[in-house]
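Structure record follows, encoded as structure tokens.
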Amino acid sequence: MSIISVSNLSKTYKLYDSPSARFKEALHPFGKKFHKDFYALNDISFEINHGDVVGIIGKNGAGKSTLLKILTGVLTQSSGSFNVNGKISALLELGGGINPEYTGIENIYFNCSLMGHSKAYIDSILQDIIDFSELGDFIHQPVKTYSSGMGVRLAFSIAVNIDPDILIVDEALSVGDIRFQQKSIRKMHELMKKAQCILFVTHDLGAIQNFCNRVIWLKDGQVFQQGAPAEICRNYQSFMAFEDSGSTTEAHHDQPFNDNSEVSFINTGSLQCYGERGATIEKVYFCDVHDHKKTISFEGNEQCALILQISIGTDIQYPIYGFTMKDSYGNQITGMNTFVYPSPVTHLKNGERIQVKMEFKLPNLKNGTYTISPAIAEGTMENHIQHHWVHDAVVFNVNSKNVVNHIGWYFVLDEVKTSVETIL
């Protein structure tokens with residue numbers, strides 16, 4: 001049985017050339033039309049099954065947001081029908097539904113009550129929402145005292161923590177700072193594992209392929225194509241590149257190269273992590289090996305170093321050090337570990353503190369923000385113990401005027417060297 005069924009759904013708007021045309025139509029004795037019909041949605045049909053994660057793509061004005069608003073009851077269709085079997089949680093307009101006069105706590109109870117949840121249920125998930133939002137003491141303050149980003153984080157935290165049957169997300173993964181964005185993406189993956197239905201609207205095709213098992217491409221209010229993400233995204237990219245080459249896009253202004261003169265290690269104690277803690281990554285530092293002050297902004301192609309200070313809490317045979325590099329949507333760009341690029345040290349003793357330096361050539365990355373998550377494990381690639389993995393320990397930017405970097409070629413790291421020394 002499908003969880004969402006849409007049959008011959010249409011949404012029509014009347015377009016008038018002037019206010020007087022609307023007035024003439026209202027008063028005309030023979031019902032003459034002075035408007036043109038605009039079909040935001042035009043006779044679309046599809047079904048979504050339980051467990052599907054469906055990406056909806058299309059140009060601005062294709063009907064994506066209109067479809068979601070109809071499914072959530074914000075808008076009424078002009079014709080056709082749809083059926084939704086399950087509890088919906090939707091993020092259509094970030095921060096929408098939040099009352100600025102209420103405190104964060106009051107807004108949690110207010111929003112969850114509107115969704116039909118009992119006070120007992122809201123009490124049971126309250127702390128999860130508070131912890132996820134990372135608002136601290138501000139949760140007890142009126143939302144009108146929040147920054148716009150704080151209000152958005154509150155709305156997102158409510159939506160993803162009520163265990164909905166259907167989660168609808170409309171361009172809502174750019175929530176808060178980069179670490180909160182990555183945490184939001186991990187939360188989305190958790191929801192996917194629970195076999196809940198997710199409708200995901202975005203212009204980011206990498207995120208579509210990262211999350212979705214099916215894609216619906218809307219074009220001029222109609223279902224143009226639907227199917228596997230790789231195929232549909234490839235077709236859509238070709239369409240946008242060649243058939244719409246004359247369309248305009250927003251300009252992205254290059255930022256100046258940031259030369260930070262006061263560098264220091266990043267303490268990892270407050271960051272999200274997991275592992276057995278037989279070893280703990282205490283501090284992290286990322287830099288250009290030729291100029292250790294350039295730690296925030298890069299152009300691409302630099303020889304870089306990731307330095308980890310690690311406390312050893314148990315004897316470790318065959319340690320593996322490594323990291324993954326992700327873009328702002330959580331797509332893994334590249335990474336390395338010392339099982340592939342062997343380390344000279346194969347045994348660590350309880351009580352040691354070591355410093356691990358991994359050198360590599362930064363790929364020609366597309367301009368944007370990236371994160372690095374370092375880790376220490378023990379064993380082999382197939383059978384290992386994860387001692388400490390730190391999510392998004394390093395945040396850095398790529399700002400380049402090189403056209404190759406703007407395209408964004410992703411390469412496997414090369415020229416990797418690792419050294420280990422005892423510092424205590």
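As shown in the structure tokens, the chain order sets the letters A, B, ...; within each chain, residues go from 1, and ligands are also counted from 1 in the order they appear.
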
Proximity of range 133-214 of chain A to range 64-67 of chain A: per-residue shortest pair, 12 Å limit, only C-alpha atoms, as a Markdown table:
| residue | atom | partner | partner_atom | distance |
| --- | --- | --- | --- | --- |
| A:Ile168 | CA | A:Ser65 | CA | 10.5 |
| A:Val169 | CA | A:Ser65 | CA | 9.9 |
| A:Asp170 | CA | A:Ser65 | CA | 7.2 |
| A:Glu171 | CA | A:Ser65 | CA | 9.7 |
| A:Leu199 | CA | A:Lys64 | CA | 10.5 |
| A:Phe200 | CA | A:Lys64 | CA | 9.9 |
| A:Val201 | CA | A:Lys64 | CA | 7.1 |
| A:Thr202 | CA | A:Lys64 | CA | 9.3 |
| A:His203 | CA | A:Lys64 | CA | 10.7 |

Completion exercise
Ile232 in chain A proximity check over A:Phe38, A:Gly116, A:Phe110, A:Gln209, using only C-alpha atoms: winner is A:Gln209

Exercise for the section: Considering only C-alpha atoms, state which residue in the set A:Ile320, A:Ala279, A:Ile98, A:Leu362 is at the smallest distance from Gly300 in chain A. Expected result: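 Of A:Ile320, A:Ala279, A:Ile98, A:Leu362, the one nearest Gly300 in chain A, counting only C-alpha atoms, is A:Leu362.
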
Practice task
Point out the residue among A:Val284, A:Ile166, A:Val398, A:Met381 with the least atom-to-atom distance to Glu302 in chain A, counting only C-alpha atoms.
Solution key: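 Of the candidates, the smallest distance to Glu302 in chain A is held by A:Val398.
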
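Nearest residue to Thr314 in chain A among A:Gln332, A:Pro344, A:Asp177, A:Gly351 is A:Gly351, counting only C-alpha atoms.
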
Exercise for the section: Please identify which residues in range 124-180 of chain A DSSP calls alpha helix (DSSP H) from the backbone, and express them as a VMD selection string. Expected result: chain A and resid 124 to 133 148 to 160 178 to 180

Problem - For Ser79 in chain A: contacts at 9 Å, only C-alpha atoms, fewer than 5 positions along chain excluded, given as an NGL selection string - result: :A and (8-12 or 43)
